[in-house]
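Student: This is the content of entry_11.txt (compact mmCIF, C-alpha atoms and all ligand atoms):
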# COMPACT_ATOMS: atom_id res chain seq x y z
CA MET A 1 136.85 152.23 145.07
CA ALA A 2 135.51 149.89 147.77
CA ILE A 3 134.80 151.25 151.22
CA THR A 4 137.08 149.77 153.91
CA GLY A 5 136.07 147.99 157.09
CA LEU A 6 137.37 150.85 159.25
CA GLU A 7 135.37 153.41 157.26
CA ILE A 8 132.24 151.32 157.79
CA PHE A 9 133.06 150.91 161.50
CA LYS A 10 133.06 154.69 161.96
CA LEU A 11 129.42 154.77 160.82
CA LEU A 12 128.19 151.97 163.12
CA PRO A 13 126.72 152.57 166.63
CA LYS A 14 129.79 150.94 168.32
CA THR A 15 127.69 149.43 171.13
CA ASN A 16 128.86 145.85 170.50
CA CYS A 17 125.31 144.67 171.25
CA LYS A 18 125.82 141.48 169.19
CA LYS A 19 122.31 141.63 167.64
CA CYS A 20 123.90 141.15 164.22
CA GLY A 21 125.41 137.85 165.32
CA MET A 22 128.94 139.28 165.47
CA PRO A 23 130.85 139.75 168.74
CA THR A 24 131.68 143.40 168.01
CA CYS A 25 130.76 146.23 165.66
CA LEU A 26 134.30 146.07 164.26
CA ALA A 27 133.90 142.39 163.38
CA PHE A 28 130.60 143.19 161.66
CA ALA A 29 132.22 146.07 159.74
CA MET A 30 134.98 143.78 158.49
CA GLN A 31 132.43 141.18 157.36
CA LEU A 32 130.42 143.90 155.61
CA ALA A 33 133.48 145.20 153.80
CA GLN A 34 134.13 141.69 152.48
CA LYS A 35 130.46 141.40 151.45
CA ARG A 36 129.96 138.48 153.87
CA ALA A 37 127.27 140.34 155.80
CA LYS A 38 124.41 142.69 154.94
CA LEU A 39 123.82 146.09 156.46
CA GLU A 40 120.24 145.05 157.31
CA ASP A 41 121.71 142.53 159.78
CA CYS A 42 122.41 145.44 162.14
CA PRO A 43 119.05 146.70 163.46
CA CYS A 44 120.66 149.65 165.23
CA VAL A 45 122.30 151.46 162.32
CA SER A 46 120.99 155.00 161.72
CA GLU A 47 119.20 156.10 158.54
CA GLU A 48 121.97 158.60 157.88
CA ALA A 49 124.64 155.91 158.11
CA LYS A 50 122.57 153.68 155.82
CA GLN A 51 122.46 156.36 153.15
CA THR A 52 126.15 157.15 153.49
CA LEU A 53 127.09 153.49 153.21
CA ALA A 54 124.76 152.88 150.26
CA ALA A 55 126.27 155.85 148.41
CA ALA A 56 129.81 154.75 149.21
CA ALA A 57 129.12 151.18 148.13
CA ALA A 58 127.68 152.24 144.75
CA PRO A 59 129.90 151.31 141.78
CA PRO A 60 132.22 154.16 140.72
CA ILE A 61 130.69 154.10 137.23
CA ARG A 62 126.95 153.59 137.22
CA LEU A 63 125.38 150.67 135.37
CA VAL A 64 122.86 152.01 132.84
CA LYS A 65 120.46 149.88 130.81
CA PHE A 66 118.31 150.76 127.83
CA GLY A 67 116.14 148.70 125.50
CA ILE A 68 113.90 145.86 126.68
CA ALA A 69 113.94 142.07 126.71
CA GLU A 70 116.27 140.68 124.04
CA THR A 71 117.21 144.17 122.80
CA GLN A 72 118.26 145.42 126.22
CA VAL A 73 121.87 146.53 126.49
CA GLN A 74 123.83 147.52 129.55
CA ILE A 75 126.74 149.90 129.76
CA GLY A 76 129.05 151.24 132.46
CA GLN A 77 129.85 149.55 135.79
CA GLU A 78 133.53 149.49 134.86
CA THR A 79 135.95 149.20 137.74
CA VAL A 80 139.43 149.33 136.21
CA LEU A 81 141.45 151.44 133.80
CA PHE A 82 143.23 148.49 132.23
CA ARG A 83 141.76 145.12 131.38
CA HIS A 84 144.67 143.20 132.93
CA ASP A 85 143.88 144.80 136.33
CA GLU A 86 140.71 142.69 136.46
CA LYS A 87 138.42 142.75 133.41
CA PHE A 88 136.11 145.12 131.58
CA HIS A 89 132.49 144.37 132.32
CA ASN A 90 130.15 145.71 129.65
CA PRO A 91 131.28 145.74 126.02
CA THR A 92 131.03 148.92 123.97
CA VAL A 93 127.69 149.06 122.16
CA LEU A 94 127.90 149.99 118.49
CA ALA A 95 124.92 151.90 117.10
CA VAL A 96 124.03 153.23 113.64
CA THR A 97 122.12 156.37 112.76
CA VAL A 98 118.67 156.33 111.20
CA SER A 99 117.69 159.79 109.96
CA ASP A 100 114.09 160.86 110.51
CA LYS A 101 114.22 162.46 107.06
CA LEU A 102 113.86 158.94 105.68
CA THR A 103 110.38 157.60 105.08
CA GLY A 104 108.73 154.57 103.46
CA ASP A 105 110.99 152.14 101.62
CA ALA A 106 114.12 154.21 102.23
CA LEU A 107 113.52 154.10 105.98
CA ASN A 108 112.82 150.36 105.92
CA ARG A 109 115.97 149.70 103.85
CA ARG A 110 118.08 151.64 106.34
CA ILE A 111 116.60 149.77 109.30
CA GLU A 112 117.18 146.41 107.59
CA ALA A 113 120.75 147.41 106.72
CA VAL A 114 121.43 148.20 110.38
CA LYS A 115 119.86 144.94 111.51
CA SER A 116 121.94 142.96 109.01
CA LEU A 117 125.22 144.00 110.66
CA GLN A 118 125.65 140.63 112.39
CA PHE A 119 128.57 138.24 112.29
CA ASP A 120 129.66 134.91 113.77
CA ARG A 121 133.23 134.87 114.95
CA VAL A 122 134.93 131.93 116.72
CA GLY A 123 131.50 130.61 117.57
CA ILE A 124 130.30 133.88 119.09
CA HIS A 125 127.56 136.02 117.59
CA VAL A 126 128.42 139.73 117.43
CA CYS A 127 126.24 142.52 116.08
CA VAL A 128 125.24 146.16 116.04
CA LYS A 129 122.81 146.42 118.95
CA ALA A 130 121.24 149.85 118.70
CA ALA A 131 119.79 152.33 116.22
CA ALA A 132 120.20 156.05 116.87
CA ILE A 133 117.18 157.83 115.40
CA VAL A 134 118.37 161.34 114.56
CA ASN A 135 115.99 164.30 114.42
CA GLU A 136 117.54 165.79 111.28
CA SER A 137 114.16 166.91 109.97
CA GLY A 138 113.58 169.25 112.89
CA SER A 139 110.00 167.96 112.96
CA ALA A 140 108.68 166.29 116.12
CA SER A 141 106.12 164.21 114.19
CA SER A 142 108.70 162.91 111.67
CA PHE A 143 111.00 162.03 114.57
CA ALA A 144 108.20 160.15 116.34
CA ALA A 145 107.23 158.30 113.14
CA ALA A 146 110.82 157.19 112.41
CA ALA A 147 111.35 156.07 116.01
CA GLU A 148 108.13 154.09 115.92
CA SER A 149 109.19 152.35 112.68
CA VAL A 150 112.51 151.29 114.22
CA LYS A 151 110.74 150.02 117.31
CA LYS A 152 108.24 148.04 115.20
CA ALA A 153 111.05 146.46 113.17
CA GLY A 154 112.45 145.04 116.45
CA GLY A 155 115.86 143.61 117.18
CA LEU A 156 117.54 146.91 118.11
CA ALA A 157 117.72 149.07 121.22
CA LEU A 158 116.67 152.67 120.55
CA ILE A 159 118.59 155.91 121.02
CA LEU A 160 116.55 159.06 120.43
CA VAL A 161 118.85 161.88 119.34
CA SER A 162 117.40 165.38 119.40
CA ASP A 163 118.18 168.63 121.17
CA SER A 164 114.48 169.45 121.21
CA PRO A 165 112.54 168.35 124.32
CA ASP A 166 109.32 168.54 122.30
CA ALA A 167 110.64 166.13 119.65
CA VAL A 168 111.92 163.69 122.30
CA LYS A 169 108.57 163.85 124.07
CA ALA A 170 106.72 163.12 120.81
CA ALA A 171 108.98 160.16 120.01
CA LEU A 172 108.58 158.78 123.50
CA GLY A 173 104.83 158.90 122.97
CA LYS A 174 105.39 156.04 120.48
CA THR A 175 108.39 154.29 122.01
CA ALA A 176 108.56 154.82 125.80
CA ASP A 177 107.74 151.14 126.42
CA ALA A 178 110.97 150.23 124.56
CA VAL A 179 112.98 152.21 127.16
CA PRO A 180 115.15 154.19 124.73
CA LEU A 181 118.23 156.17 125.68
CA ILE A 182 117.15 159.77 125.09
CA GLY A 183 118.74 163.17 124.66
CA SER A 184 120.72 165.09 124.57
CA ALA A 185 120.20 167.36 127.52
CA THR A 186 122.32 170.50 127.41
CA LYS A 187 122.86 173.28 129.94
CA GLU A 188 119.84 175.04 128.46
CA THR A 189 117.49 172.05 128.27
CA ALA A 190 118.61 170.07 131.34
CA GLU A 191 115.45 170.59 133.42
CA ALA A 192 113.04 169.97 130.54
CA MET A 193 114.86 166.84 129.34
CA ALA A 194 115.28 165.52 132.89
CA LYS A 195 111.53 165.92 133.48
CA ILE A 196 110.80 163.88 130.33
CA ALA A 197 113.36 161.21 131.27
CA LYS A 198 111.97 160.93 134.78
CA GLU A 199 108.35 160.73 133.64
CA ASN A 200 109.18 158.02 131.09
CA LYS A 201 111.79 156.17 133.22
CA CYS A 202 114.40 156.42 130.46
CA PRO A 203 118.15 157.05 130.74
CA LEU A 204 119.25 160.51 129.59
CA MET A 205 122.28 161.69 127.62
CA ALA A 206 124.01 164.80 128.96
CA LYS A 207 125.91 166.80 126.33
CA ALA A 208 128.63 169.37 126.97
CA GLU A 209 131.87 170.50 125.34
CA SER A 210 134.22 170.02 128.28
CA VAL A 211 134.70 167.56 131.13
CA GLU A 212 134.05 170.31 133.70
CA ALA A 213 130.80 171.34 132.00
CA LEU A 214 129.70 167.70 131.82
CA ALA A 215 130.27 167.26 135.56
CA GLU A 216 128.15 170.36 136.29
CA LEU A 217 125.45 169.22 133.89
CA SER A 218 125.21 165.68 135.30
CA GLU A 219 124.83 167.09 138.84
CA LYS A 220 122.05 169.36 137.61
CA ILE A 221 120.25 166.43 135.96
CA LYS A 222 120.69 164.24 139.03
CA ALA A 223 119.26 166.98 141.20
CA CYS A 224 116.15 166.79 138.98
CA GLY A 225 115.73 163.14 140.01
CA VAL A 226 117.36 161.31 137.08
CA ASP A 227 119.90 158.67 138.11
CA ASP A 228 120.61 156.99 134.79
CA ILE A 229 122.81 159.41 132.87
CA VAL A 230 125.11 158.84 129.88
CA LEU A 231 127.82 161.43 129.26
CA ASN A 232 128.35 162.85 125.78
CA LEU A 233 131.55 164.87 125.47
CA ASP A 234 130.72 166.85 122.38
CA GLY A 235 132.83 168.97 120.11
CA PRO A 236 136.51 168.22 120.57
CA ASN A 237 138.59 166.58 117.84
CA LEU A 238 139.48 162.90 118.28
CA LYS A 239 142.66 163.60 120.23
CA ASP A 240 140.89 165.88 122.72
CA LEU A 241 137.95 163.51 122.92
CA LEU A 242 140.21 160.60 123.87
CA CYS A 243 141.94 162.77 126.49
CA GLY A 244 138.55 163.85 127.86
CA LEU A 245 137.17 160.31 128.01
CA SER A 246 140.35 159.11 129.74
CA GLN A 247 140.04 161.95 132.24
CA ILE A 248 136.44 160.96 132.94
CA ARG A 249 137.47 157.34 133.51
CA VAL A 250 140.38 158.24 135.79
CA LEU A 251 138.40 160.74 137.88
CA SER A 252 135.44 158.40 138.28
CA LEU A 253 137.57 155.39 139.25
CA LYS A 254 140.53 156.81 141.12
CA LYS A 255 138.88 159.80 142.80
CA VAL A 256 135.34 158.33 142.93
CA PHE A 257 134.16 161.65 141.50
CA ARG A 258 130.44 160.88 141.29
CA PRO A 259 129.42 163.61 138.79
CA LEU A 260 131.53 161.79 136.18
CA GLY A 261 130.71 158.25 137.34
CA TYR A 262 128.55 157.39 134.33
CA PRO A 263 128.97 155.52 131.05
CA THR A 264 129.75 157.58 127.94
CA ILE A 265 128.45 157.90 124.40
CA SER A 266 130.40 159.22 121.39
CA PHE A 267 129.31 160.06 117.86
CA SER A 268 131.69 158.97 115.11
CA THR A 269 129.47 160.24 112.34
CA LYS A 270 131.64 162.72 110.47
CA GLY A 271 133.61 161.95 107.34
CA ASP A 272 133.45 158.83 105.19
CA ALA A 273 133.11 155.25 106.45
CA ASN A 274 136.89 154.80 106.66
CA ARG A 275 137.35 157.85 108.87
CA GLN A 276 134.44 156.82 111.07
CA ALA A 277 136.01 153.35 111.45
CA VAL A 278 139.35 154.74 112.57
CA GLN A 279 137.72 157.08 115.08
CA ALA A 280 135.47 154.36 116.43
CA ALA A 281 138.42 151.97 116.85
CA SER A 282 140.17 154.57 119.04
CA LEU A 283 136.99 155.21 121.01
CA ILE A 284 136.53 151.49 121.70
CA CYS A 285 140.00 151.46 123.28
CA LYS A 286 139.42 154.58 125.42
CA TYR A 287 136.67 154.62 126.79
CA SER A 288 133.37 154.99 125.01
CA SER A 289 130.49 152.86 126.25
CA VAL A 290 128.35 153.55 123.15
CA ILE A 291 129.61 154.63 119.73
CA VAL A 292 127.22 155.85 117.04
CA LEU A 293 128.35 155.60 113.40
CA ASP A 294 126.69 156.90 110.26
CA ASN A 295 127.23 154.06 107.80
CA THR A 296 126.19 150.45 107.31
CA GLU A 297 129.33 149.03 105.70
CA PRO A 298 129.98 145.46 106.90
CA TYR A 299 133.73 145.96 106.25
CA VAL A 300 133.67 148.70 108.91
CA PHE A 301 131.68 146.80 111.51
CA LEU A 302 133.32 143.36 111.44
CA PRO A 303 136.74 144.66 112.58
CA LEU A 304 135.13 147.04 115.09
CA LEU A 305 133.03 144.27 116.62
CA THR A 306 136.12 142.05 116.65
CA ALA A 307 137.99 144.77 118.55
CA VAL A 308 135.15 145.05 121.07
CA MET A 309 135.11 141.30 121.48
CA ASN A 310 138.84 141.10 122.09
CA ILE A 311 139.11 144.06 124.44
CA PHE A 312 136.16 142.95 126.53
CA THR A 313 137.23 139.31 126.79
CA ASP A 314 137.83 138.34 130.40
CA PRO A 315 141.63 137.76 130.52
CA GLN A 316 141.17 135.30 133.39
CA LYS A 317 138.72 133.14 131.48
CA PRO A 318 139.74 131.19 128.37
CA VAL A 319 137.50 131.60 125.35
CA GLN A 320 135.39 128.47 125.20
CA VAL A 321 133.05 126.65 122.88
CA GLU A 322 129.98 124.85 124.12
CA PRO A 323 130.74 121.26 125.16
CA LYS A 324 128.60 119.16 122.82
CA VAL A 325 128.78 117.06 119.66
CA TYR A 326 129.72 118.98 116.51
CA MET A 327 129.20 117.66 113.00
CA VAL A 328 131.74 118.31 110.28
CA GLY A 329 130.14 117.73 106.88
CA GLU A 330 127.26 115.26 106.95
CA PRO A 331 128.44 112.36 109.09
CA ASN A 332 126.47 109.13 109.47
CA GLU A 333 126.54 106.14 111.79
CA ASN A 334 129.78 104.89 110.18
CA SER A 335 131.66 108.20 110.43
CA PRO A 336 134.67 108.72 112.66
CA LEU A 337 134.26 110.14 116.14
CA LEU A 338 137.03 112.25 117.65
CA PHE A 339 137.15 114.11 120.90
CA THR A 340 138.86 117.33 121.88
CA THR A 341 138.52 119.96 124.62
CA ASN A 342 136.34 123.08 124.75
CA PHE A 343 139.22 125.58 124.52
CA SER A 344 138.13 127.64 121.49
CA LEU A 345 141.52 127.72 119.81
CA THR A 346 141.92 123.96 120.16
CA TYR A 347 138.42 123.23 118.90
CA TYR A 348 138.58 125.48 115.85
CA THR A 349 142.02 124.15 114.88
CA VAL A 350 140.75 120.56 115.08
CA GLU A 351 137.51 121.43 113.28
CA SER A 352 139.33 123.09 110.40
CA ASP A 353 141.75 120.17 110.02
CA VAL A 354 138.91 117.63 110.09
CA GLU A 355 137.12 119.70 107.46
CA ALA A 356 140.27 119.68 105.33
CA SER A 357 140.28 115.85 105.42
CA ARG A 358 136.91 115.82 103.61
CA VAL A 359 135.90 112.90 105.82
CA PRO A 360 132.52 113.73 107.42
CA SER A 361 133.04 113.30 111.16
CA TYR A 362 131.70 113.88 114.65
CA ILE A 363 133.75 115.88 117.12
CA LEU A 364 132.83 115.34 120.75
CA VAL A 365 133.86 118.42 122.75
CA VAL A 366 134.59 117.58 126.38
CA ASP A 367 134.14 120.29 129.02
CA THR A 368 137.61 121.05 130.41
CA GLU A 369 136.75 124.60 131.55
CA GLY A 370 138.27 126.04 128.39
CA THR A 371 141.73 124.52 128.73
CA SER A 372 143.75 122.85 125.97
CA VAL A 373 144.33 119.10 125.77
CA LEU A 374 147.66 118.89 127.61
CA THR A 375 146.76 121.54 130.21
CA ALA A 376 143.46 119.81 130.89
CA TYR A 377 145.13 116.40 131.17
CA SER A 378 147.83 117.61 133.55
CA GLY A 379 145.20 119.46 135.64
CA ASP A 380 143.04 116.28 135.75
CA LYS A 381 140.20 118.05 133.95
CA LEU A 382 140.60 115.57 131.11
CA ASN A 383 140.60 111.94 132.23
CA GLU A 384 138.87 108.66 131.45
CA LYS A 385 135.87 109.66 133.59
CA THR A 386 135.26 113.06 131.96
CA VAL A 387 135.47 111.49 128.50
CA ALA A 388 133.25 108.53 129.45
CA ASP A 389 130.71 110.93 130.98
CA ALA A 390 130.70 113.06 127.80
CA LEU A 391 130.11 109.95 125.65
CA THR A 392 127.12 109.02 127.81
CA LYS A 393 125.76 112.55 128.21
CA HIS A 394 125.69 113.13 124.47
CA ASN A 395 124.36 109.64 123.76
CA MET A 396 127.11 108.83 121.26
CA THR A 397 126.03 105.19 120.94
CA SER A 398 122.91 106.43 119.14
CA LEU A 399 124.95 108.45 116.63
CA VAL A 400 127.55 105.88 115.55
CA LYS A 401 127.17 102.12 115.35
CA HIS A 402 130.90 101.41 115.61
CA ARG A 403 132.51 101.78 119.01
CA LYS A 404 135.74 103.50 118.02
CA LEU A 405 136.95 106.77 119.54
CA ILE A 406 139.89 108.73 118.13
CA ILE A 407 141.77 110.53 120.88
CA PRO A 408 144.44 113.28 120.60
CA GLY A 409 147.95 111.81 120.25
CA TYR A 410 149.17 113.97 123.15
CA VAL A 411 147.06 111.96 125.58
CA ALA A 412 147.85 108.51 124.18
CA VAL A 413 148.79 107.59 127.74
CA MET A 414 145.13 107.57 128.79
CA SER A 415 144.05 105.05 126.15
CA GLY A 416 144.19 101.96 128.43
CA LYS A 417 142.14 103.45 131.24
CA LEU A 418 139.75 105.04 128.74
CA GLU A 419 139.15 101.69 127.04
CA ASP A 420 138.33 100.13 130.43
CA ALA A 421 136.03 103.02 131.41
CA THR A 422 134.08 103.11 128.13
CA ASN A 423 134.36 99.68 126.50
CA TRP A 424 135.09 101.57 123.29
CA GLU A 425 138.05 100.80 121.06
CA ILE A 426 140.50 103.66 121.50
CA MET A 427 142.42 104.83 118.43
CA VAL A 428 145.30 107.18 119.08
CA GLY A 429 145.22 110.06 116.63
CA PRO A 430 148.16 112.27 115.63
CA ARG A 431 149.82 114.56 118.16
CA GLU A 432 149.49 117.54 115.87
CA SER A 433 146.06 118.47 114.58
CA SER A 434 147.59 119.41 111.23
CA MET A 435 148.19 115.69 110.61
CA LEU A 436 144.47 114.88 110.96
CA PRO A 437 143.60 115.12 107.23
CA LYS A 438 146.20 112.49 106.31
CA TYR A 439 145.33 110.37 109.35
CA LEU A 440 141.58 110.32 108.66
CA GLN A 441 142.01 109.65 104.96
CA GLU A 442 144.36 106.71 105.62
CA VAL A 443 142.87 105.18 108.75
CA TRP A 444 139.17 105.70 108.15
CA LYS A 445 138.55 104.01 104.86
FE1 LIG A 501 127.29 146.69 166.39
FE2 LIG A 501 125.00 146.72 165.03
FE3 LIG A 501 126.23 144.42 165.45
FE4 LIG A 501 125.11 145.71 167.49
S1 LIG A 501 124.05 144.84 165.71
S2 LIG A 501 127.13 144.73 167.40
S3 LIG A 501 125.46 147.80 166.90
S4 LIG A 501 126.98 146.11 164.26
Step by step, read the file and then write its structure as structure tokens.
Ligand code: SF4
Tutor:
Amino acid sequence: MAITGLEIFKLLPKTNCKKCGMPTCLAFAMQLAQKRAKLEDCPCVSEEAKQTLAAAAAPPIRLVKFGIAETQVQIGQETVLFRHDEKFHNPTVLAVTVSDKLTGDALNRRIEAVKSLQFDRVGIHVCVKAAAIVNESGSASSFAAAAESVKKAGGLALILVSDSPDAVKAALGKTADAVPLIGSATKETAEAMAKIAKENKCPLMAKAESVEALAELSEKIKACGVDDIVLNLDGPNLKDLLCGLSQIRVLSLKKVFRPLGYPTISFSTKGDANRQAVQAASLICKYSSVIVLDNTEPYVFLPLLTAVMNIFTDPQKPVQVEPKVYMVGEPNENSPLLFTTNFSLTYYTVESDVEASRVPSYILVVDTEGTSVLTAYSGDKLNEKTVADALTKHNMTSLVKHRKLIIPGYVAVMSGKLEDATNWEIMVGPRESSMLPKYLQEVWK
């Protein structure tokens, strides 16, 4: 919940000294509330007010990162209960267990199986991003060895799962530079785990069986100097877990209840792969930031990653493909050249129909900010200039020796101006993409 201008005003000196460049403290407060000014612009504000304002301005759910470089993931920082209210910010991270009972080839096979859970869907790469190394052996040295193997294999963020501070400490001895998410801290181990997390600058999981106990535990951990906390509501059945996670989300957003203002982690590791999939699907909807599963079945992960992708898509931003030249088949300098827009649905429909024609072709995708052909044309995002610029930018004259451009039938009206702007021969294609196979086979002989 954002702090209002009047709330900020109450914390300012109210001297109207104008040193901030504003005529009054109230004007400055209003600018600050709208993020058009910075608190540092007022040299007279007290330290106490600074701290109060910084705390009030912090996001209701903390952003937590773990992993490094290309394996780094970020969770939390959500601001709404429902996607249509704004958007969800950080997609649920799916993780898979790696038991520290595994060694040698079995351990390597498991790691490779986790890393292979990657898919391309509507031009977007989706994958399992983390491995949860589980201290099933009860041995600190086995835990450390398994964690080190996962780190060495690369490509995955690490989650170190053990209730033993000694085991976590041993594993961090080999992996602290990979900034794993560690834990879990319980009521009994909070101080010891917090000390380890603080020393190694790693985020810490807090585990408790009720929302109230989690709130108490997170305050205890924070008092030990750990800011990056991930809540693990442990124990309840799926129905109670979903209720608890929803309660955490509501209290952190609507009441700005700081002890629950953290991302969450859930373990969907019981039962067979099908049961885990069903549980994880529910937990993606409400409101798990990380979900750990105990299987490596691609048929489980593709739909789950698809669900994550769909739920975390920004509803105000159309799904887009990169504006560039795409090749269908193996086109050459005599192959047809068509253009379309970078709205994903439009592009993939056209691509699949061109593929069905079996005529190798180039498709030039024009940047229309993710809008479809007619929407882009009526909004002037698709005109003779944008198409001419795309032809030049992608150096189409070096790819084809003919100078013929097939345009969507819906924008036949722009053919005259486009011909003048490009000096290319404009061929009006069919209005419906589904007619492209017949059109290409008949016209491009
Ligand atoms: Fe008020 Fe601070 Fe601006 Fe002076 S510098 S007018 S005290 S906000």
Student: From the set A:Ile406, A:Ala176, A:Leu204, A:Val122, which residue has the shortest atom-to-atom contact distance to Asn310 in chain A, counting all atoms listed in the file?
Tutor: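 Of A:Ile406, A:Ala176, A:Leu204, A:Val122, the one nearest Asn310 in chain A, counting all atoms listed in the file, is A:Val122.
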Student: Would you compute the box with edges along x, y and z of the file around range 285-294 of chain A, including every atom the file lists for it and 3 Å extra on each side, and give its centre and edge lengths in Å to one decimal, as JSON?
Tutor:
{"center_x": 133.3, "center_y": 154.2, "center_z": 118.5, "size_x": 19.3, "size_y": 11.4, "size_z": 22.5}
Student: Can you tell me which residues surround range 287-289 of chain A at a distance of at most 6 Å, considering only C-alpha atoms, apart from same-chain residues fewer than 2 positions away, and format the answer as a ChimeraX atom specification?
Tutor: /A:75,92,245,263-265,283-285
Student: Mind pulling up the distance from CA of His394 in chain A to CA of Tyr326 in chain A?
Tutor: 10.7 Å
Student: Any residue with an atom at most 10 Å from ligand LIG 501 (chain A) counts, using only C-alpha atoms and all ligand atoms. Which are they? Put them as a tab-separated table (two decimals) with C-alpha atoms, in the frame of the given file.
Tutor:
chain	number	residue	atom	x	y	z
A	8	ILE	CA	132.24	151.32	157.79
A	9	PHE	CA	133.06	150.91	161.50
A	11	LEU	CA	129.42	154.77	160.82
A	12	LEU	CA	128.19	151.97	163.12
A	13	PRO	CA	126.72	152.57	166.63
A	14	LYS	CA	129.79	150.94	168.32
A	15	THR	CA	127.69	149.43	171.13
A	16	ASN	CA	128.86	145.85	170.50
A	17	CYS	CA	125.31	144.67	171.25
A	18	LYS	CA	125.82	141.48	169.19
A	19	LYS	CA	122.31	141.63	167.64
A	20	CYS	CA	123.90	141.15	164.22
A	21	GLY	CA	125.41	137.85	165.32
A	22	MET	CA	128.94	139.28	165.47
A	23	PRO	CA	130.85	139.75	168.74
A	24	THR	CA	131.68	143.40	168.01
A	25	CYS	CA	130.76	146.23	165.66
A	26	LEU	CA	134.30	146.07	164.26
A	27	ALA	CA	133.90	142.39	163.38
A	28	PHE	CA	130.60	143.19	161.66
A	29	ALA	CA	132.22	146.07	159.74
A	32	LEU	CA	130.42	143.90	155.61
A	39	LEU	CA	123.82	146.09	156.46
A	40	GLU	CA	120.24	145.05	157.31
A	41	ASP	CA	121.71	142.53	159.78
A	42	CYS	CA	122.41	145.44	162.14
A	43	PRO	CA	119.05	146.70	163.46
A	44	CYS	CA	120.66	149.65	165.23
A	45	VAL	CA	122.30	151.46	162.32
A	46	SER	CA	120.99	155.00	161.72
Student: Please provide the set of residues having any atom within 10 Å of range 48-59 of chain A, restricted to all atoms listed in the file, with same-chain residues fewer than 5 positions apart removed, written as a compact mmCIF listing (two decimals) with C-alpha atoms, in the coordinates of the input.
Tutor:
# COMPACT_ATOMS: atom_id res chain seq x y z
CA MET A 1 136.85 152.23 145.07
CA ALA A 2 135.51 149.89 147.77
CA ILE A 3 134.80 151.25 151.22
CA THR A 4 137.08 149.77 153.91
CA GLU A 7 135.37 153.41 157.26
CA ILE A 8 132.24 151.32 157.79
CA LYS A 10 133.06 154.69 161.96
CA LEU A 11 129.42 154.77 160.82
CA LEU A 12 128.19 151.97 163.12
CA PRO A 13 126.72 152.57 166.63
CA ALA A 33 133.48 145.20 153.80
CA LEU A 39 123.82 146.09 156.46
CA GLU A 40 120.24 145.05 157.31
CA GLY A 76 129.05 151.24 132.46
CA GLN A 77 129.85 149.55 135.79
CA GLU A 78 133.53 149.49 134.86
CA THR A 79 135.95 149.20 137.74
CA SER A 252 135.44 158.40 138.28
CA LEU A 253 137.57 155.39 139.25
CA VAL A 256 135.34 158.33 142.93
CA ARG A 258 130.44 160.88 141.29
CA GLY A 261 130.71 158.25 137.34
CA TYR A 262 128.55 157.39 134.33
Student: So which residues touch range 93-105 of chain A within 8 Å, counting all atoms listed in the file, skipping near sequence neighbours fewer than 4 positions away, as a PDB file with C-alpha atoms, keeping the file's coordinate frame?
Tutor:
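Output file around-v3.pdb is given in full below:
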ATOM      1  CA  VAL A  73     121.870 146.530 126.490  1.00  0.00           C
ATOM      2  CA  ILE A  75     126.740 149.900 129.760  1.00  0.00           C
ATOM      3  CA  ARG A 109     115.970 149.700 103.850  1.00  0.00           C
ATOM      4  CA  ARG A 110     118.080 151.640 106.340  1.00  0.00           C
ATOM      5  CA  ILE A 111     116.600 149.770 109.300  1.00  0.00           C
ATOM      6  CA  VAL A 114     121.430 148.200 110.380  1.00  0.00           C
ATOM      7  CA  VAL A 128     125.240 146.160 116.040  1.00  0.00           C
ATOM      8  CA  LYS A 129     122.810 146.420 118.950  1.00  0.00           C
ATOM      9  CA  ALA A 130     121.240 149.850 118.700  1.00  0.00           C
ATOM     10  CA  ALA A 131     119.790 152.330 116.220  1.00  0.00           C
ATOM     11  CA  ALA A 132     120.200 156.050 116.870  1.00  0.00           C
ATOM     12  CA  ILE A 133     117.180 157.830 115.400  1.00  0.00           C
ATOM     13  CA  VAL A 134     118.370 161.340 114.560  1.00  0.00           C
ATOM     14  CA  ASN A 135     115.990 164.300 114.420  1.00  0.00           C
ATOM     15  CA  GLU A 136     117.540 165.790 111.280  1.00  0.00           C
ATOM     16  CA  SER A 137     114.160 166.910 109.970  1.00  0.00           C
ATOM     17  CA  SER A 142     108.700 162.910 111.670  1.00  0.00           C
ATOM     18  CA  PHE A 143     111.000 162.030 114.570  1.00  0.00           C
ATOM     19  CA  ALA A 145     107.230 158.300 113.140  1.00  0.00           C
ATOM     20  CA  ALA A 146     110.820 157.190 112.410  1.00  0.00           C
ATOM     21  CA  ALA A 147     111.350 156.070 116.010  1.00  0.00           C
ATOM     22  CA  SER A 289     130.490 152.860 126.250  1.00  0.00           C
ATOM     23  CA  VAL A 290     128.350 153.550 123.150  1.00  0.00           C
ATOM     24  CA  ILE A 291     129.610 154.630 119.730  1.00  0.00           C
ATOM     25  CA  VAL A 292     127.220 155.850 117.040  1.00  0.00           C
ATOM     26  CA  LEU A 293     128.350 155.600 113.400  1.00  0.00           C
ATOM     27  CA  ASP A 294     126.690 156.900 110.260  1.00  0.00           C
ATOM     28  CA  ASN A 295     127.230 154.060 107.800  1.00  0.00           C
ATOM     29  CA  THR A 296     126.190 150.450 107.310  1.00  0.00           C
ATOM     30  CA  LEU A 305     133.030 144.270 116.620  1.00  0.00           C
TER      31      LEU A 305
END
Student: Excluding Lys169 in chain A and its own-chain neighbours fewer than 6 positions away, which residues fall within 12 Å of it when counting all atoms listed in the file? Please give them as a VMD selection string.
Tutor: chain A and resid 139 to 141 143 to 144 147 160 to 163 175 to 176 180 182 to 183 192 to 200 202
